[in-house]
Structure formats: C-alpha cells, structure tokens
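Here is the file structure.csv (CSV, C-alpha atoms).
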```
chain,number,residue,atom,x,y,z
A,65,MET,CA,-11.4,-17.2,-15.5
A,66,SER,CA,-14.1,-16.8,-18.2
A,67,GLU,CA,-17.3,-18.7,-18.4
A,68,SER,CA,-16.0,-20.9,-21.2
A,69,ASN,CA,-12.8,-21.7,-19.4
A,70,LEU,CA,-14.8,-23.1,-16.5
A,71,THR,CA,-16.0,-26.0,-18.7
A,72,ASP,CA,-12.7,-26.3,-20.7
A,73,HIS,CA,-10.6,-27.4,-17.7
A,74,PRO,CA,-10.8,-30.0,-14.9
A,75,VAL,CA,-12.9,-29.3,-11.9
A,76,GLY,CA,-12.0,-30.5,-8.4
A,77,ILE,CA,-14.5,-31.8,-5.8
A,78,ILE,CA,-13.7,-32.3,-2.1
A,79,GLY,CA,-16.3,-34.5,-0.5
A,80,LEU,CA,-17.5,-37.5,-2.5
A,81,GLY,CA,-20.4,-38.7,-0.4
A,82,LEU,CA,-24.0,-38.8,-1.7
A,83,MET,CA,-24.1,-35.2,-3.1
A,84,GLY,CA,-20.4,-34.9,-4.1
A,85,TYR,CA,-20.6,-38.2,-6.0
A,86,ALA,CA,-23.7,-37.1,-7.8
A,87,ILE,CA,-22.1,-33.7,-8.7
A,88,ALA,CA,-19.1,-35.5,-10.1
A,89,LYS,CA,-21.2,-37.8,-12.2
A,90,ARG,CA,-23.1,-34.8,-13.7
A,91,PHE,CA,-19.8,-33.1,-14.7
A,92,LEU,CA,-18.3,-36.3,-16.1
A,93,ALA,CA,-21.5,-36.9,-18.1
A,94,ASN,CA,-20.8,-33.4,-19.7
A,95,GLY,CA,-17.3,-34.3,-20.7
A,96,ILE,CA,-15.5,-32.5,-17.9
A,97,ARG,CA,-12.5,-34.1,-16.2
A,98,VAL,CA,-13.1,-34.3,-12.4
A,99,VAL,CA,-10.4,-34.6,-9.8
A,100,GLY,CA,-11.7,-35.6,-6.4
A,101,TYR,CA,-10.8,-36.2,-2.8
A,102,ASP,CA,-12.6,-37.8,0.2
A,103,LEU,CA,-11.3,-39.0,3.5
A,104,ASP,CA,-13.2,-42.3,2.9
A,105,GLU,CA,-11.2,-44.7,0.7
A,106,GLU,CA,-14.5,-46.4,-0.5
A,107,CYS,CA,-15.8,-43.0,-1.7
A,108,ARG,CA,-12.6,-42.5,-3.7
A,109,ARG,CA,-12.9,-46.0,-5.2
A,110,ARG,CA,-16.6,-45.4,-6.3
A,111,PHE,CA,-15.5,-42.1,-7.8
A,112,ALA,CA,-12.8,-43.7,-9.8
A,113,GLU,CA,-15.2,-46.4,-11.1
A,114,ILE,CA,-17.3,-43.7,-12.8
A,115,GLY,CA,-14.2,-42.1,-14.5
A,116,GLY,CA,-13.1,-39.6,-11.8
A,117,SER,CA,-9.5,-39.0,-11.0
A,118,PRO,CA,-9.0,-39.4,-7.2
A,119,VAL,CA,-6.1,-37.8,-5.3
A,120,SER,CA,-4.6,-39.1,-2.0
A,121,VAL,CA,-4.6,-35.6,-0.3
A,122,ALA,CA,-6.9,-32.6,-0.8
A,123,GLU,CA,-4.0,-30.3,-1.2
A,124,ASP,CA,-3.2,-31.9,-4.6
A,125,LEU,CA,-6.4,-30.6,-6.1
A,126,PRO,CA,-5.4,-26.9,-6.5
A,127,LYS,CA,-2.3,-28.1,-8.4
A,128,GLN,CA,-4.5,-29.5,-11.1
A,129,THR,CA,-7.5,-27.1,-11.3
A,130,LYS,CA,-8.5,-23.5,-10.5
A,131,VAL,CA,-12.1,-24.5,-9.8
A,132,VAL,CA,-12.8,-26.5,-6.6
A,133,LEU,CA,-16.3,-27.5,-5.4
A,134,LEU,CA,-16.9,-28.4,-1.7
A,135,SER,CA,-19.6,-30.9,-0.7
A,136,LEU,CA,-18.9,-31.4,3.0
A,137,PRO,CA,-20.9,-32.1,6.1
A,138,ASP,CA,-20.9,-28.6,7.7
A,139,HIS,CA,-19.2,-25.2,7.8
A,140,LEU,CA,-16.7,-26.4,10.4
A,141,VAL,CA,-15.3,-29.0,8.0
A,142,VAL,CA,-15.4,-26.5,5.2
A,143,GLY,CA,-13.3,-24.1,7.3
A,144,ARG,CA,-10.7,-26.7,8.1
A,145,VAL,CA,-10.4,-27.9,4.5
A,146,VAL,CA,-10.1,-24.4,3.1
A,147,SER,CA,-7.4,-23.5,5.7
A,148,SER,CA,-5.4,-26.5,4.5
A,149,LEU,CA,-5.8,-25.5,0.8
A,150,LYS,CA,-5.1,-21.7,1.1
A,151,LYS,CA,-1.4,-21.7,0.4
A,152,TYR,CA,-1.9,-24.0,-2.6
A,153,LEU,CA,-4.7,-22.0,-4.2
A,154,GLN,CA,-3.7,-20.1,-7.3
A,155,LYS,CA,-4.8,-16.4,-7.7
A,156,GLY,CA,-8.0,-16.2,-9.7
A,157,SER,CA,-9.1,-19.6,-8.5
A,158,LEU,CA,-12.8,-20.2,-7.7
A,159,ILE,CA,-14.1,-22.0,-4.6
A,160,ILE,CA,-17.8,-23.1,-4.9
A,161,ASP,CA,-19.2,-24.3,-1.6
A,162,THR,CA,-22.3,-26.5,-2.0
A,163,SER,CA,-22.4,-27.5,1.6
A,164,THR,CA,-25.2,-26.6,4.0
A,165,GLY,CA,-23.7,-24.5,6.8
A,166,ASP,CA,-23.8,-21.3,8.9
A,167,PRO,CA,-24.4,-18.2,6.7
A,168,ASN,CA,-22.1,-16.2,8.9
A,169,ALA,CA,-19.3,-18.7,8.2
A,170,ALA,CA,-20.0,-18.3,4.4
A,171,VAL,CA,-19.5,-14.5,4.8
A,172,ARG,CA,-16.2,-15.0,6.6
A,173,LEU,CA,-15.0,-17.5,4.0
A,174,GLY,CA,-15.8,-15.3,1.1
A,175,SER,CA,-14.0,-12.3,2.7
A,176,GLU,CA,-10.9,-14.4,3.7
A,177,LEU,CA,-10.6,-15.9,0.2
A,178,ALA,CA,-11.0,-12.5,-1.5
A,179,ASP,CA,-8.0,-11.3,0.5
A,180,CYS,CA,-6.0,-14.1,-1.1
A,181,GLY,CA,-7.2,-13.3,-4.6
A,182,VAL,CA,-9.5,-16.2,-4.7
A,183,ASP,CA,-13.2,-16.0,-5.7
A,184,CYS,CA,-15.9,-17.8,-3.7
A,185,LEU,CA,-19.6,-18.6,-4.1
A,186,ASP,CA,-21.8,-20.3,-1.5
A,187,ALA,CA,-24.0,-22.4,-3.9
A,188,SER,CA,-26.4,-24.4,-1.8
A,189,ILE,CA,-28.3,-27.1,-3.5
A,190,SER,CA,-32.1,-27.7,-3.0
A,191,GLY,CA,-32.8,-31.3,-3.7
A,192,ASN,CA,-31.3,-34.7,-2.9
A,193,SER,CA,-28.6,-36.7,-4.6
A,194,GLU,CA,-30.9,-38.7,-6.8
A,195,GLN,CA,-32.7,-35.5,-8.0
A,196,LEU,CA,-29.3,-34.0,-8.7
A,197,LEU,CA,-28.4,-37.0,-10.9
A,198,ARG,CA,-31.5,-36.2,-12.9
A,199,LYS,CA,-30.7,-32.5,-12.9
A,200,GLU,CA,-33.9,-31.7,-11.0
A,201,VAL,CA,-32.3,-29.5,-8.3
A,202,ILE,CA,-31.7,-25.8,-8.0
A,203,ALA,CA,-28.7,-23.9,-6.8
A,204,MET,CA,-29.1,-20.9,-4.6
A,205,VAL,CA,-26.0,-18.8,-5.0
A,206,GLY,CA,-24.4,-16.1,-2.8
A,207,GLY,CA,-21.3,-14.1,-3.6
A,208,LYS,CA,-20.2,-11.3,-5.9
A,209,LYS,CA,-22.6,-10.9,-8.8
A,210,GLU,CA,-19.8,-10.8,-11.4
A,211,VAL,CA,-18.4,-14.1,-10.1
A,212,TYR,CA,-21.8,-15.7,-10.3
A,213,ASP,CA,-22.3,-14.4,-13.9
A,214,ARG,CA,-19.1,-16.2,-14.9
A,215,ALA,CA,-20.1,-19.4,-13.1
A,216,ALA,CA,-23.8,-19.6,-13.9
A,217,ALA,CA,-23.5,-21.8,-17.0
A,218,PHE,CA,-21.1,-24.0,-15.1
A,219,LEU,CA,-23.5,-24.5,-12.3
A,220,ASP,CA,-26.3,-25.1,-14.7
A,221,LEU,CA,-24.5,-28.4,-15.7
A,222,ILE,CA,-25.6,-29.8,-12.3
A,223,ALA,CA,-28.8,-27.9,-11.6
A,224,LYS,CA,-31.9,-27.2,-13.7
A,225,GLU,CA,-31.5,-23.6,-12.6
A,226,SER,CA,-29.1,-21.5,-10.6
A,227,ILE,CA,-30.5,-18.4,-8.8
A,228,TYR,CA,-28.4,-15.5,-7.6
A,229,VAL,CA,-29.8,-14.5,-4.2
A,230,GLY,CA,-27.3,-11.9,-2.9
A,231,SER,CA,-23.9,-11.5,-1.4
A,232,TRP,CA,-21.8,-14.0,0.5
A,233,GLY,CA,-23.9,-16.0,2.9
A,234,ALA,CA,-27.2,-15.4,1.1
A,235,GLY,CA,-27.1,-18.8,-0.6
A,236,ALA,CA,-26.6,-20.4,2.8
A,237,GLN,CA,-29.5,-18.4,4.2
A,238,MET,CA,-31.8,-19.3,1.4
A,239,LYS,CA,-30.9,-23.0,1.8
A,240,LEU,CA,-32.0,-22.8,5.5
A,241,VAL,CA,-35.3,-21.2,4.5
A,242,THR,CA,-36.0,-24.0,1.9
A,243,ASN,CA,-34.9,-26.7,4.3
A,244,LEU,CA,-37.2,-25.4,7.0
A,245,VAL,CA,-40.3,-25.7,4.8
A,246,LEU,CA,-39.1,-29.0,3.2
A,247,GLY,CA,-38.4,-30.6,6.5
A,248,LEU,CA,-41.7,-29.6,8.0
A,249,ASN,CA,-43.5,-30.9,4.9
A,250,ARG,CA,-41.7,-34.2,5.3
A,251,ALA,CA,-42.6,-34.4,9.0
A,252,ALA,CA,-46.2,-33.5,8.3
A,253,LEU,CA,-46.4,-36.3,5.7
A,254,ALA,CA,-44.9,-38.8,8.2
A,255,GLU,CA,-47.4,-37.8,10.8
A,256,GLY,CA,-50.3,-38.0,8.3
A,257,ILE,CA,-49.3,-41.5,7.4
A,258,ALA,CA,-48.9,-42.5,11.0
A,259,PHE,CA,-52.4,-41.0,11.7
A,260,ALA,CA,-54.0,-42.9,8.8
A,261,THR,CA,-52.4,-46.1,10.0
A,262,ALA,CA,-53.7,-45.6,13.5
A,263,LEU,CA,-57.2,-45.0,12.1
A,264,GLY,CA,-57.0,-48.4,10.3
A,265,LEU,CA,-56.7,-46.9,6.9
A,266,GLU,CA,-54.4,-48.4,4.3
A,267,PRO,CA,-51.3,-46.2,4.2
A,268,ALA,CA,-50.8,-46.5,0.4
A,269,VAL,CA,-54.4,-45.5,-0.2
A,270,ALA,CA,-54.0,-42.6,2.2
A,271,LEU,CA,-50.9,-41.4,0.3
A,272,ASP,CA,-52.7,-41.6,-3.0
A,273,VAL,CA,-55.6,-39.5,-1.7
A,274,LEU,CA,-53.2,-37.0,-0.2
A,275,LYS,CA,-51.4,-36.6,-3.6
A,276,GLN,CA,-54.8,-35.8,-5.2
A,277,SER,CA,-56.0,-33.4,-2.5
A,278,MET,CA,-55.2,-29.9,-1.6
A,279,ALA,CA,-52.7,-31.3,1.0
A,280,TYR,CA,-50.4,-32.3,-1.8
A,281,SER,CA,-46.7,-31.3,-1.6
A,282,ARG,CA,-43.9,-32.5,-3.9
A,283,ILE,CA,-42.3,-34.2,-0.9
A,284,MET,CA,-45.0,-36.9,-1.3
A,285,ASP,CA,-43.4,-37.8,-4.7
A,286,THR,CA,-39.9,-38.3,-3.3
A,287,LYS,CA,-40.6,-39.6,0.2
A,288,GLY,CA,-44.1,-41.0,0.2
A,289,GLU,CA,-43.3,-44.4,-1.2
A,290,LYS,CA,-40.2,-44.7,1.0
A,291,MET,CA,-42.4,-44.2,4.1
A,292,ILE,CA,-45.0,-46.6,2.9
A,293,LEU,CA,-42.4,-49.3,2.1
A,294,LYS,CA,-40.2,-48.3,5.0
A,295,ASP,CA,-37.3,-48.1,2.6
A,296,PHE,CA,-35.0,-45.9,4.5
A,297,SER,CA,-31.9,-46.3,2.3
A,298,ALA,CA,-30.3,-42.9,2.3
A,299,GLN,CA,-30.9,-40.2,-0.3
A,300,ALA,CA,-30.2,-37.6,2.4
A,301,ARG,CA,-29.4,-38.6,5.9
A,302,LEU,CA,-31.7,-37.8,8.8
A,303,ALA,CA,-28.8,-36.7,11.0
A,304,GLN,CA,-27.8,-34.1,8.4
A,305,HIS,CA,-31.3,-32.6,8.5
A,306,LEU,CA,-31.1,-32.4,12.3
A,307,LYS,CA,-27.9,-30.4,11.8
A,308,ASP,CA,-29.8,-28.1,9.4
A,309,VAL,CA,-32.6,-27.6,11.8
A,310,ARG,CA,-30.2,-26.6,14.5
A,311,LEU,CA,-28.6,-24.1,12.1
A,312,ILE,CA,-32.1,-22.8,11.3
A,313,LEU,CA,-32.9,-22.2,14.9
A,314,GLY,CA,-29.4,-20.7,15.5
A,315,ALA,CA,-29.7,-18.3,12.6
A,316,SER,CA,-33.3,-17.1,13.3
A,317,ARG,CA,-34.1,-13.7,14.7
A,318,CYS,CA,-37.7,-14.8,15.4
A,319,LYS,CA,-39.5,-17.6,17.2
A,320,LEU,CA,-39.9,-20.8,15.1
A,321,PRO,CA,-42.2,-23.0,17.2
A,322,LEU,CA,-42.7,-25.7,14.5
A,323,SER,CA,-39.0,-26.0,14.0
A,324,GLU,CA,-38.4,-26.3,17.7
A,325,THR,CA,-40.8,-29.3,17.8
A,326,HIS,CA,-39.2,-30.7,14.6
A,327,ARG,CA,-35.8,-30.6,16.3
A,328,THR,CA,-37.1,-32.5,19.2
A,329,LEU,CA,-38.6,-35.1,16.9
A,330,LEU,CA,-35.4,-35.5,14.9
A,331,GLU,CA,-33.3,-35.8,18.1
A,332,HIS,CA,-35.6,-38.6,19.1
A,333,ALA,CA,-35.1,-40.3,15.8
A,334,VAL,CA,-31.3,-40.1,16.2
A,335,ASP,CA,-31.6,-41.5,19.7
A,336,LEU,CA,-33.5,-44.4,18.3
A,337,GLY,CA,-30.7,-45.1,15.8
A,338,TRP,CA,-32.1,-43.7,12.6
A,339,GLY,CA,-29.5,-40.9,12.1
A,340,ASP,CA,-27.6,-42.5,9.2
A,341,TYR,CA,-30.8,-43.5,7.4
A,342,ASP,CA,-32.9,-41.5,5.0
A,343,ASN,CA,-34.6,-38.4,6.4
A,344,SER,CA,-37.9,-40.1,5.6
A,345,ALA,CA,-37.2,-42.3,8.7
A,346,VAL,CA,-38.7,-39.5,10.7
A,347,LEU,CA,-41.8,-41.6,10.3
A,348,GLN,CA,-40.2,-44.2,12.7
A,349,ALA,CA,-39.7,-41.6,15.4
A,350,ILE,CA,-43.4,-40.7,15.2
A,351,LEU,CA,-44.5,-44.4,15.2
A,352,GLU,CA,-42.2,-45.3,18.1
A,353,ILE,CA,-43.0,-42.4,20.4
A,354,HIS,CA,-46.1,-44.2,21.7
A,355,ALA,CA,-45.2,-47.7,20.8
```

Structure rendered as structure tokens:
Amino acid sequence: MSESNLTDHPVGIIGLGLMGYAIAKRFLANGIRVVGYDLDEECRRRFAEIGGSPVSVAEDLPKQTKVVLLSLPDHLVVGRVVSSLKKYLQKGSLIIDTSTGDPNAAVRLGSELADCGVDCLDASISGNSEQLLRKEVIAMVGGKKEVYDRAAAFLDLIAKESIYVGSWGAGAQMKLVTNLVLGLNRAALAEGIAFATALGLEPAVALDVLKQSMAYSRIMDTKGEKMILKDFSAQARLAQHLKDVRLILGASRCKLPLSETHRTLLEHAVDLGWGDYDNSAVLQAILEIHA
C-alpha cells in the first residue's frame, strides 16, 4: 500500500480509551474515515459522537480497512487481539501498534505478522492524550524501514514528528527510555512541591520559581498546575505508568535504582486508591507516606 493510499482509505482503531479516542479525533479532523472498536460500550458511543464508525466486534475491522492501529493497555492484550484478527487480515495490510508494551513481544508480533504477509510497526507515542489532540506528541517507530517510509506521512497526521529508531521492538524500547525519564521528572516535581509545602512555602509560588530556574522540565507545564490544584482527572492513568515502570525494570540489563524506588512509590499510590487517576497523583502518595 503506497503512502498516498494510507490516507485515501478508512483506518481502523482498536482501543478507544484516552489515547485511541485522541488518535481517532486527529484522523477525523484530517478527513479520514475511522472505523473503531472497544470493549467498552461508552467508549464506542463517544467515538460515534465525533463522527467515527464503531463496529460491534474487532474482527469486522479488517473487512473494511487494510490499516489497523492498536491503542491497548499492554502487550498481552495486543497479542490476544492480533490472534483474533489474523485470519481476517488481508495480505498487504498494515498493523501499527501504538501501545506501550514489552519490546520482545513487539519483535515476536512483527515476525509473526510478516509470515502472514502483513506489515507491522511498533509506533509508541511520547505524550498524553491532550497533547496528542494538539499534535504535540512524537511517534518512535520500530519495524522495517521501507514500511516506515510508506507510513511516515500517515503517522505525521497524529504526531508533530515520527522518528524511525530501528527494527521491530526498537519503538517499544525507546518508549520505555522516554517514560523512565519522564516518570522520574514527574516524581521529582511532586516531591519538590511536597517539600516546599512542608517548609511552609506557597506551592504555586514554588512552582513558578521552579519553572524559571535551572530545575525546569517540561513536565512542570503539563503536571505542575494539576498537582497544585490537586486536579487528578486523567490525562494518563497512574496505574498505566506503574505498568511501564515494571516493563522498564524487566527490560533493563543494568541496575536502575531510581526506577526501583519509583516503582515502590507508584505501588503505594495504587494501594491508596489513586491508580485510575492521573499520573500526577503520585504527589498524593508522597504526601500520605508520613501523614
């Protein structure tokens, strides 16, 4: 399928949660018909409200499109979904997995689909759902270079830039690297705000100073105000990042002491009931440790 054909035909999306919904909205805004599926009926309803075409079972998607994007919780779900789709996929189809998962699973998936005559890219997204709606995210893509070259302009409809990082699994690996640094930046900001509060400083003033100092990181722009206001409505769920940190530690060939501590902190946050809230709720875990 040529680059132009990718945008001339419908695209399928499986997984219409925060990220999948945002991806669908971007494609629809660019005049592309989107066929979508999610187990959750409410997600399918919201998708239909923005002009998407929901189907009742995932297996119906390959009958309507040769390009299917996956936006799913983890690689285990991806594996189950692809297994259910395999016999329906047309030769020459393209699967683009935007989920954050195990890089080894991405390698296996690419190889298995290639044996069926289906192309595959692991195109992990760096950024949250609101940033994706504004096209402020990047896509880190693994797979065959010639497949990426055909799909790059298509991916650029949802990302400000797509970056080819290597063969199958490399996109998933790079996502774990970025999530390690991003998550630690977020935890450091939360601890800084908790520290300022404990000293009797005004948290909003502390955040403003941090933004203007050498301590600045872009995470302050996206999560700082949420922490100050304790607005933990989900842009990206805390439990999902705990999953990512566990993947990071499982994939590493070296010691990652800060990530080990981070995992413990996130596990504490989940135990406190913050798992389904925004990942900025890591602040609450820090505040409640010694409450």

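The gap separating CA of Ala178 (chain A) from CA of Lys155 (chain A) is 9.6 Å, in Å to one decimal.
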
Point-to-point distance from CA of Lys275 (chain A) to CA of Gly256 (chain A), Å rounded to tenths: 12.0 Å

Could you check how far CA of Gly207 (chain A) sits from CA of Ala170 (chain A), in Å to one decimal?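 Computing it gives 9.1 Å between the two atoms.
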
What's the 12 Å shell around region 208-217 of chain A, counting only C-alpha atoms, without same-chain residues fewer than 5 positions away, as a ChimeraX atom specification? /A:65-71,131,133,156-160,171,174-175,178,182-187,202-203,222-235

Using only C-alpha atoms, which of A:Val99, A:Val346, A:Val241, A:Cys318 sits nearest Leu80 (chain A)?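 Among A:Val99, A:Val346, A:Val241, A:Cys318, it is A:Val99 that comes nearest to Leu80 (chain A).
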
Which residue is closest to Glu331 (chain A)? Choose from A:Lys307, A:Lys130, A:Lys151, A:Lys319 and count all atoms listed in the file.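 So, comparing all the options, the nearest one is A:Lys307.
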
Is it possible to get the residues within 12 Å of (-14.8, -43.4, -12.4) (coordinates as in the file, counting all atoms listed in the file) written as a PyMOL selection string? chain A and resi 80+85-86+88-89+91-93+97-100+107-118

Take the residues that were just selected and, keeping C-alpha atoms, output them as a compact mmCIF listing (two decimals), in the coordinates of the input.
```
# COMPACT_ATOMS: atom_id res chain seq x y z
CA LEU A 80 -17.50 -37.50 -2.50
CA TYR A 85 -20.60 -38.20 -6.00
CA ALA A 86 -23.70 -37.10 -7.80
CA ALA A 88 -19.10 -35.50 -10.10
CA LYS A 89 -21.20 -37.80 -12.20
CA PHE A 91 -19.80 -33.10 -14.70
CA LEU A 92 -18.30 -36.30 -16.10
CA ALA A 93 -21.50 -36.90 -18.10
CA ARG A 97 -12.50 -34.10 -16.20
CA VAL A 98 -13.10 -34.30 -12.40
CA VAL A 99 -10.40 -34.60 -9.80
CA GLY A 100 -11.70 -35.60 -6.40
CA CYS A 107 -15.80 -43.00 -1.70
CA ARG A 108 -12.60 -42.50 -3.70
CA ARG A 109 -12.90 -46.00 -5.20
CA ARG A 110 -16.60 -45.40 -6.30
CA PHE A 111 -15.50 -42.10 -7.80
CA ALA A 112 -12.80 -43.70 -9.80
CA GLU A 113 -15.20 -46.40 -11.10
CA ILE A 114 -17.30 -43.70 -12.80
CA GLY A 115 -14.20 -42.10 -14.50
CA GLY A 116 -13.10 -39.60 -11.80
CA SER A 117 -9.50 -39.00 -11.00
CA PRO A 118 -9.00 -39.40 -7.20
```

Let me make sure I understand: among A:His326, A:Met278, A:Lys290, A:Gly143, which one has the smallest atom-to-atom distance to Arg172 (chain A) if we use only C-alpha atoms?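 The closest residue to Arg172 (chain A) is A:Gly143.
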
In terms of the shortest atom-to-atom distance over only C-alpha atoms, which of A:Thr162, A:Asn192, A:Ser147, A:Gln276 is closest to Gln299 (chain A)?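 Selected residue with least distance to Gln299 (chain A): A:Asn192.
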
Long-range neighbours of Ala254 (chain A) as a ChimeraX atom specification, 12 Å cut-off, all atoms listed in the file, 3 positions minimum in chain: /A:247-251,257-261,267,270-271,274,283-284,287-292,294,326,329,343-351
